[in-house]
Every structure is written in C-alpha cells, then in structure tokens.
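Asks: This is the content of entry_11.txt (compact mmCIF, N, CA and C atoms and all ligand atoms):
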# COMPACT_ATOMS: atom_id res chain seq x y z
N VAL I 1 133.38 144.30 98.53
CA VAL I 1 134.33 143.23 98.22
C VAL I 1 134.68 143.26 96.74
N ALA I 2 135.84 142.75 96.41
CA ALA I 2 136.25 142.64 95.01
C ALA I 2 135.43 141.55 94.33
N SER I 3 135.56 141.44 93.01
CA SER I 3 134.73 140.48 92.28
C SER I 3 135.02 139.06 92.74
N LEU I 4 133.98 138.30 92.93
CA LEU I 4 134.12 136.92 93.34
C LEU I 4 134.55 136.05 92.16
N PRO I 5 135.50 135.16 92.36
CA PRO I 5 135.94 134.30 91.26
C PRO I 5 134.99 133.13 91.04
N LEU I 6 133.70 133.44 90.99
CA LEU I 6 132.70 132.39 90.76
C LEU I 6 132.36 132.38 89.28
N THR I 7 132.59 131.25 88.64
CA THR I 7 132.25 131.14 87.22
C THR I 7 131.04 130.24 87.08
N ARG I 8 130.25 130.50 86.07
CA ARG I 8 129.08 129.66 85.84
C ARG I 8 129.47 128.38 85.14
N SER I 9 128.92 127.28 85.62
CA SER I 9 129.15 126.00 84.97
C SER I 9 128.05 125.76 83.95
N PRO I 10 128.40 125.69 82.66
CA PRO I 10 127.37 125.51 81.64
C PRO I 10 126.68 124.16 81.72
N THR I 11 127.26 123.22 82.46
CA THR I 11 126.67 121.89 82.53
C THR I 11 125.57 121.79 83.59
N ARG I 12 125.54 122.78 84.48
CA ARG I 12 124.58 122.72 85.59
C ARG I 12 123.16 122.97 85.10
N ALA I 13 122.26 122.09 85.49
CA ALA I 13 120.87 122.26 85.07
C ALA I 13 120.31 123.57 85.60
N GLY I 14 119.55 124.25 84.77
CA GLY I 14 118.89 125.47 85.22
C GLY I 14 119.71 126.72 85.08
N ALA I 15 120.94 126.60 84.61
CA ALA I 15 121.80 127.77 84.54
C ALA I 15 121.31 128.77 83.51
N GLU I 16 120.92 128.29 82.37
CA GLU I 16 120.52 129.18 81.29
C GLU I 16 119.21 128.69 80.68
N GLY I 17 118.68 129.52 79.84
CA GLY I 17 117.53 129.10 79.06
C GLY I 17 116.22 129.14 79.81
N ALA I 18 115.24 128.45 79.29
CA ALA I 18 113.90 128.48 79.86
C ALA I 18 113.92 127.96 81.29
N ARG I 19 113.20 128.62 82.14
CA ARG I 19 113.19 128.31 83.56
C ARG I 19 111.88 127.58 83.87
N ASN I 20 112.04 126.42 84.47
CA ASN I 20 110.85 125.63 84.82
C ASN I 20 110.34 126.08 86.18
N LEU I 21 109.20 126.74 86.17
CA LEU I 21 108.63 127.25 87.42
C LEU I 21 107.36 126.51 87.81
N ASN I 22 107.22 125.25 87.33
CA ASN I 22 106.07 124.44 87.73
C ASN I 22 106.26 123.94 89.14
N ARG I 23 105.32 124.26 90.00
CA ARG I 23 105.41 123.77 91.38
C ARG I 23 105.16 122.27 91.41
N LEU I 24 105.93 121.59 92.25
CA LEU I 24 105.77 120.14 92.39
C LEU I 24 104.61 119.85 93.34
N GLY I 25 103.94 118.73 93.09
CA GLY I 25 102.88 118.29 93.99
C GLY I 25 103.45 117.53 95.17
N ASP I 26 102.59 117.28 96.18
CA ASP I 26 103.04 116.60 97.41
C ASP I 26 103.68 115.25 97.10
N VAL I 27 103.06 114.50 96.21
CA VAL I 27 103.57 113.16 95.90
C VAL I 27 104.93 113.24 95.22
N GLN I 28 105.07 114.20 94.30
CA GLN I 28 106.36 114.38 93.61
C GLN I 28 107.45 114.78 94.60
N ILE I 29 107.09 115.64 95.54
CA ILE I 29 108.08 116.09 96.54
C ILE I 29 108.50 114.92 97.42
N ASP I 30 107.53 114.16 97.90
CA ASP I 30 107.84 113.01 98.76
C ASP I 30 108.74 112.02 98.04
N ARG I 31 108.44 111.79 96.77
CA ARG I 31 109.22 110.84 95.99
C ARG I 31 110.65 111.35 95.81
N ALA I 32 110.79 112.63 95.54
CA ALA I 32 112.13 113.20 95.35
C ALA I 32 112.94 113.13 96.64
N LEU I 33 112.28 113.36 97.78
CA LEU I 33 113.00 113.37 99.05
C LEU I 33 113.49 111.97 99.43
N GLU I 34 112.86 110.94 98.90
CA GLU I 34 113.34 109.58 99.18
C GLU I 34 114.78 109.39 98.73
N GLY I 35 115.18 110.13 97.70
CA GLY I 35 116.54 110.01 97.18
C GLY I 35 117.51 111.03 97.75
N LEU I 36 117.03 111.85 98.69
CA LEU I 36 117.87 112.92 99.25
C LEU I 36 118.00 112.72 100.76
N GLN I 37 119.04 111.98 101.15
CA GLN I 37 119.22 111.61 102.55
C GLN I 37 119.35 112.82 103.46
N GLY I 38 118.50 112.89 104.48
CA GLY I 38 118.59 113.96 105.47
C GLY I 38 117.78 115.20 105.15
N TRP I 39 117.31 115.30 103.92
CA TRP I 39 116.49 116.45 103.54
C TRP I 39 115.06 116.21 103.98
N VAL I 40 114.46 117.22 104.58
CA VAL I 40 113.07 117.12 105.02
C VAL I 40 112.29 118.29 104.45
N ARG I 41 110.99 118.09 104.34
CA ARG I 41 110.13 119.15 103.87
C ARG I 41 109.58 119.94 105.04
N GLU I 42 109.60 121.24 104.92
CA GLU I 42 108.92 122.11 105.89
C GLU I 42 108.11 123.11 105.08
N GLY I 43 106.85 122.77 104.85
CA GLY I 43 105.96 123.65 104.06
C GLY I 43 106.45 123.79 102.64
N ASN I 44 106.76 125.02 102.25
CA ASN I 44 107.20 125.30 100.88
C ASN I 44 108.72 125.23 100.72
N GLU I 45 109.41 124.60 101.71
CA GLU I 45 110.85 124.52 101.64
C GLU I 45 111.31 123.09 101.88
N ILE I 46 112.51 122.77 101.40
CA ILE I 46 113.19 121.56 101.84
C ILE I 46 114.46 122.00 102.56
N CYS I 47 114.82 121.26 103.62
CA CYS I 47 115.90 121.69 104.51
C CYS I 47 116.77 120.49 104.87
N LYS I 48 118.02 120.81 105.21
CA LYS I 48 118.90 119.80 105.78
C LYS I 48 119.88 120.46 106.73
N GLU I 49 120.20 119.79 107.82
CA GLU I 49 121.26 120.24 108.72
C GLU I 49 122.46 119.33 108.57
N TYR I 50 123.62 119.93 108.39
CA TYR I 50 124.89 119.21 108.27
C TYR I 50 125.73 119.53 109.50
N ARG I 51 126.54 118.58 109.91
CA ARG I 51 127.48 118.79 111.01
C ARG I 51 128.87 118.33 110.56
N PHE I 52 129.83 119.21 110.65
CA PHE I 52 131.19 118.91 110.19
C PHE I 52 132.13 118.84 111.39
N GLY I 53 133.40 118.54 111.13
CA GLY I 53 134.37 118.41 112.20
C GLY I 53 134.72 119.74 112.85
N ASP I 54 134.74 120.79 112.04
CA ASP I 54 135.08 122.11 112.55
C ASP I 54 134.60 123.17 111.57
N PHE I 55 134.89 124.41 111.88
CA PHE I 55 134.43 125.52 111.04
C PHE I 55 135.04 125.47 109.64
N ALA I 56 136.32 125.11 109.56
CA ALA I 56 136.98 125.09 108.24
C ALA I 56 136.28 124.10 107.31
N GLN I 57 135.94 122.93 107.83
CA GLN I 57 135.24 121.94 106.99
C GLN I 57 133.86 122.44 106.60
N ALA I 58 133.17 123.05 107.56
CA ALA I 58 131.82 123.56 107.29
C ALA I 58 131.88 124.63 106.19
N PHE I 59 132.87 125.51 106.28
CA PHE I 59 132.91 126.60 105.31
C PHE I 59 133.48 126.17 103.96
N ARG I 60 134.32 125.13 103.97
CA ARG I 60 134.76 124.55 102.70
C ARG I 60 133.53 124.03 101.95
N PHE I 61 132.68 123.34 102.68
CA PHE I 61 131.43 122.85 102.10
C PHE I 61 130.59 124.02 101.57
N LEU I 62 130.45 125.06 102.38
CA LEU I 62 129.62 126.20 101.96
C LEU I 62 130.20 126.91 100.74
N THR I 63 131.52 126.92 100.64
CA THR I 63 132.14 127.52 99.46
C THR I 63 131.75 126.75 98.21
N GLY I 64 131.73 125.43 98.32
CA GLY I 64 131.27 124.62 97.19
C GLY I 64 129.80 124.87 96.88
N VAL I 65 129.00 124.98 97.93
CA VAL I 65 127.57 125.27 97.75
C VAL I 65 127.40 126.60 97.01
N ALA I 66 128.24 127.58 97.34
CA ALA I 66 128.15 128.89 96.68
C ALA I 66 128.39 128.76 95.18
N PHE I 67 129.38 127.96 94.79
CA PHE I 67 129.66 127.76 93.37
C PHE I 67 128.49 127.07 92.68
N LEU I 68 127.96 126.03 93.33
CA LEU I 68 126.82 125.31 92.74
C LEU I 68 125.62 126.23 92.58
N ALA I 69 125.36 127.03 93.62
CA ALA I 69 124.20 127.93 93.60
C ALA I 69 124.37 128.98 92.51
N HIS I 70 125.55 129.54 92.43
CA HIS I 70 125.80 130.57 91.41
C HIS I 70 125.66 129.98 90.02
N GLY I 71 126.20 128.77 89.83
CA GLY I 71 126.11 128.13 88.53
C GLY I 71 124.69 127.83 88.12
N ALA I 72 123.87 127.47 89.09
CA ALA I 72 122.47 127.12 88.81
C ALA I 72 121.56 128.34 88.83
N ASP I 73 122.08 129.49 89.22
CA ASP I 73 121.27 130.69 89.47
C ASP I 73 120.08 130.34 90.38
N HIS I 74 120.40 129.61 91.44
CA HIS I 74 119.38 129.20 92.39
C HIS I 74 120.07 129.15 93.75
N HIS I 75 119.48 129.79 94.74
CA HIS I 75 120.25 130.12 95.94
C HIS I 75 119.57 129.66 97.21
N PRO I 76 120.26 128.86 97.99
CA PRO I 76 119.68 128.41 99.26
C PRO I 76 119.77 129.49 100.34
N GLU I 77 118.88 129.41 101.30
CA GLU I 77 119.07 130.17 102.53
C GLU I 77 120.10 129.39 103.34
N ILE I 78 121.11 130.09 103.83
CA ILE I 78 122.24 129.45 104.50
C ILE I 78 122.36 129.94 105.93
N TRP I 79 122.50 129.01 106.84
CA TRP I 79 122.74 129.33 108.26
C TRP I 79 123.97 128.55 108.70
N ASN I 80 124.84 129.19 109.45
CA ASN I 80 126.06 128.52 109.93
C ASN I 80 126.41 129.00 111.32
N VAL I 81 126.69 128.07 112.21
CA VAL I 81 127.34 128.37 113.48
C VAL I 81 128.45 127.34 113.66
N TYR I 82 129.69 127.80 113.64
CA TYR I 82 130.87 126.96 113.78
C TYR I 82 130.83 125.75 112.83
N ASN I 83 130.54 124.55 113.33
CA ASN I 83 130.61 123.36 112.48
C ASN I 83 129.25 122.91 111.97
N ARG I 84 128.22 123.70 112.26
CA ARG I 84 126.88 123.32 111.81
C ARG I 84 126.41 124.21 110.67
N VAL I 85 125.79 123.59 109.69
CA VAL I 85 125.26 124.30 108.54
C VAL I 85 123.83 123.84 108.31
N ARG I 86 122.94 124.79 108.11
CA ARG I 86 121.58 124.45 107.71
C ARG I 86 121.30 125.11 106.37
N LEU I 87 120.74 124.33 105.45
CA LEU I 87 120.37 124.84 104.13
C LEU I 87 118.86 124.71 103.96
N ARG I 88 118.24 125.72 103.39
CA ARG I 88 116.82 125.69 103.07
C ARG I 88 116.68 126.07 101.61
N LEU I 89 115.85 125.35 100.89
CA LEU I 89 115.64 125.62 99.47
C LEU I 89 114.17 125.78 99.16
N SER I 90 113.89 126.78 98.35
CA SER I 90 112.54 127.03 97.86
C SER I 90 112.67 127.85 96.60
N THR I 91 111.70 127.76 95.71
CA THR I 91 111.75 128.60 94.51
C THR I 91 110.83 129.79 94.73
N HIS I 92 111.43 130.89 95.12
CA HIS I 92 110.64 132.07 95.48
C HIS I 92 109.83 132.55 94.30
N ASP I 93 110.43 132.46 93.11
CA ASP I 93 109.75 132.94 91.91
C ASP I 93 108.48 132.14 91.62
N ALA I 94 108.40 130.92 92.16
CA ALA I 94 107.23 130.07 91.92
C ALA I 94 106.33 129.99 93.16
N GLY I 95 106.80 130.51 94.26
CA GLY I 95 106.02 130.43 95.51
C GLY I 95 105.90 129.02 96.04
N GLY I 96 106.90 128.20 95.79
CA GLY I 96 106.84 126.81 96.28
C GLY I 96 108.06 126.04 95.84
N LEU I 97 107.91 124.73 95.86
CA LEU I 97 109.02 123.85 95.49
C LEU I 97 108.92 123.45 94.03
N THR I 98 110.06 123.50 93.34
CA THR I 98 110.12 123.09 91.94
C THR I 98 111.29 122.13 91.76
N ALA I 99 111.43 121.64 90.54
CA ALA I 99 112.55 120.75 90.21
C ALA I 99 113.89 121.43 90.47
N ARG I 100 113.91 122.76 90.41
CA ARG I 100 115.18 123.47 90.63
C ARG I 100 115.69 123.21 92.04
N ASP I 101 114.78 123.14 93.00
CA ASP I 101 115.18 122.87 94.39
C ASP I 101 115.74 121.46 94.52
N ILE I 102 115.04 120.52 93.91
CA ILE I 102 115.47 119.13 93.98
C ILE I 102 116.84 118.96 93.30
N GLU I 103 116.99 119.61 92.14
CA GLU I 103 118.25 119.47 91.39
C GLU I 103 119.42 120.08 92.15
N LEU I 104 119.20 121.22 92.80
CA LEU I 104 120.30 121.82 93.55
C LEU I 104 120.62 120.99 94.79
N ALA I 105 119.58 120.49 95.47
CA ALA I 105 119.82 119.63 96.64
C ALA I 105 120.63 118.40 96.21
N GLN I 106 120.29 117.83 95.06
CA GLN I 106 121.01 116.65 94.57
C GLN I 106 122.46 116.99 94.23
N ALA I 107 122.67 118.14 93.61
CA ALA I 107 124.03 118.57 93.27
C ALA I 107 124.85 118.78 94.54
N ILE I 108 124.23 119.31 95.57
CA ILE I 108 124.92 119.53 96.85
C ILE I 108 125.29 118.19 97.46
N GLU I 109 124.36 117.22 97.42
CA GLU I 109 124.65 115.89 97.97
C GLU I 109 125.76 115.20 97.19
N ASP I 110 125.77 115.38 95.87
CA ASP I 110 126.81 114.77 95.04
C ASP I 110 128.18 115.37 95.38
N PHE I 111 128.17 116.64 95.74
CA PHE I 111 129.42 117.34 96.05
C PHE I 111 129.92 116.97 97.45
N LEU I 112 129.00 116.65 98.35
CA LEU I 112 129.33 116.39 99.77
C LEU I 112 130.37 115.29 99.92
N1 LIG I 201 116.92 131.25 94.24
C1 LIG I 201 115.89 130.66 94.83
N2 LIG I 201 116.08 129.83 95.87
N3 LIG I 201 114.64 130.85 94.37
C2 LIG I 201 114.39 131.65 93.34
O1 LIG I 201 113.23 131.81 92.94
C3 LIG I 201 115.48 132.28 92.70
C4 LIG I 201 116.77 132.06 93.22
N4 LIG I 201 115.32 133.05 91.64
N5 LIG I 201 117.82 132.67 92.67
C5 LIG I 201 116.40 133.56 90.85
C6 LIG I 201 117.68 133.69 91.64
C7 LIG I 201 115.95 134.86 90.20
O2 LIG I 201 115.45 135.74 91.16
C8 LIG I 201 117.04 135.56 89.42
C9 LIG I 201 116.52 136.83 88.78
O3 LIG I 201 117.53 134.70 88.46
Do you think you could lay out the structure here as structure tokens?

Replies:
Amino acid sequence: VASLPLTRSPTRAGAEGARNLNRLGDVQIDRALEGLQGWVREGNEICKEYRFGDFAQAFRFLTGVAFLAHGADHHPEIWNVYNRVRLRLSTHDAGGLTARDIELAQAIEDFL
C-alpha cells in the first residue's frame, strides 16, 4: 500500500518522550475501569465490544481508532465483523496493563 496519511498528534499522551511501563495494580485497574463504560478486564487486557448501525459506521470508528493509536504509538488488537468491533488493549512491552492502555481507551471513548 502507499503511505498512510496518518500524522502524529503531538498533544496525545505517550506519543513521544519517556515511556511509562509501570504495570498497574488490580485496584488501580478497577478504579480506572469505573470511568470507562463497557470496558472489561480479561487478565492482562482490557476489552470492549461496540455495535454500530452498519459496516460504514463501524469502519469510520476504526479509522479514528487508527489515528489515535498511531498518534499514541500504542496499538489495540482489532476485530471486526460487519457492524461489530472488538478492541483489546494491553502493553506488550510491560507484560500487562499500564496507564497507556487506560489513556488510549479514554481517548477512544472521547472520540466515540
Ligand atoms: N502497542 C501496544 N498495545 N503495546 C505495546 O507494548 C506497544 C504498542 N509497544 N505499540 C510499542 C508499539 C512499541 O513496540 C514500539 C516500538 O513503539
């Protein structure tokens, strides 16, 4: 494919500079999830399933997620069938959940 027109947003947390790879504890994760509607914890990941009106809406959402992920240099596992989207987030470099996962999930919710 030709170059993607994805530009990095300098305002996005985690885009540049020192990377926080401190794993969050169970209590911190539970507290963070209270503010993230529909997100659930599954082991070392947080996940959410979205349902849209049709494929175009689902993929419009995913296109926005791609920009957010690229800007944050943090990338969800993405699953899509027609109007359904599932996102899973984990910090592979840390072997668990970190603030980067929570921040990207929050940015995705803000964009929704
Ligand atoms: N995304 C996710 N979800 N977890 C990571 O640990 C991660 C990432 N690491 N995106 C980043 C990229 C790292 O591998 C690169 C080198 O910045």

Asks: Build an axis-aligned box that encloses every atom of segment 34-50 of chain I listed in the file, pad it by 5 Å on each side, and report its centre and edge lengths in Å to one decimal, as AutoDock Vina command-line options.

Replies:
--center_x 115.8 --center_y 117.3 --center_z 103.3 --size_x 29.8 --size_y 25.9 --size_z 22.3

Asks: Taking only C-alpha atoms and all ligand atoms into account, which residues are within 9 Å of ligand LIG 201 (chain I), as a list in words?

Replies: Leu21, Ala69, His70, Ala72, Asp73, His74, His75, Pro76, Glu77, Arg88, Leu89, Ser90, Thr91, His92, Asp93, Ala94, Gly95, Gly96, Arg100 and Asp101 of chain I

Asks: Taking into account all atoms listed in the file, which residue in the set I:Ile29, I:Cys47, I:Val65, I:Leu36 is nearest to Arg86 of chain I?

Replies: I:Cys47

Asks: If we count only N, CA and C atoms and set the cut-off at 5 Å, which residues sit around segment 81-84 of chain I, ignoring sequence neighbours fewer than 5 positions away in its own chain? Please answer as a ChimeraX atom specification.

Replies: /I:50-52,54-55

Asks: Between atom N of Gly64 of chain I and atom CA of Phe111 of chain I, what is the distance in Å, rounded to a tenth?

Replies: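 Atom-to-atom, atom N of Gly64 of chain I to atom CA of Phe111 of chain I, that is 8.7 Å.
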
Asks: Check the DSSP output for the backbone and give back, as a ChimeraX atom specification, the residues of chain I in alpha helix (DSSP H).

Replies: /I:26-34,55-72,99-111

Asks: Quote the spacing between atom C of Thr63 of chain I and atom C of Ala32 of chain I in Å to one decimal place.

Replies: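 Separation between atom C of Thr63 of chain I and atom C of Ala32 of chain I: 23.3 Å.
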
Asks: Based on DSSP run over this structure's backbone, return all residues of chain I in strand (DSSP E or B), as a list in words.

Replies: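 DSSP-assigned strand (DSSP E or B) residues in chain I: Val40, Arg41, Glu42, Glu45, Ile46, Cys47, Lys48, Glu49, Tyr50, Arg51, Glu77, Ile78, Trp79, Asn80, Val81, Arg84, Val85, Arg86, Leu87, Arg88, Leu89, Thr91 and Gly96 of chain I.
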
Asks: Rank I:Leu6, I:Leu87, I:Gly38, I:Glu109 by their smallest atom-to-atom distance to Ala66 of chain I, using only C-alpha atoms, and report the top residue only.

Replies: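 Looking at the shortest contact to Ala66 of chain I, the residue is I:Leu6.
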
Asks: Interatomic distance between atom CA of Thr98 of chain I and atom CA of Arg60 of chain I?

Replies: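 Computing it gives 26.9 Å between the two atoms.
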
Asks: Rank nothing, just name the residue among I:Glu49, I:Gln57, I:Phe67, I:Trp79 nearest to Gln37 of chain I, using only C-alpha atoms.

Replies: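 Looking only at the distances to Gln37 of chain I, the closest residue turns out to be I:Glu49.
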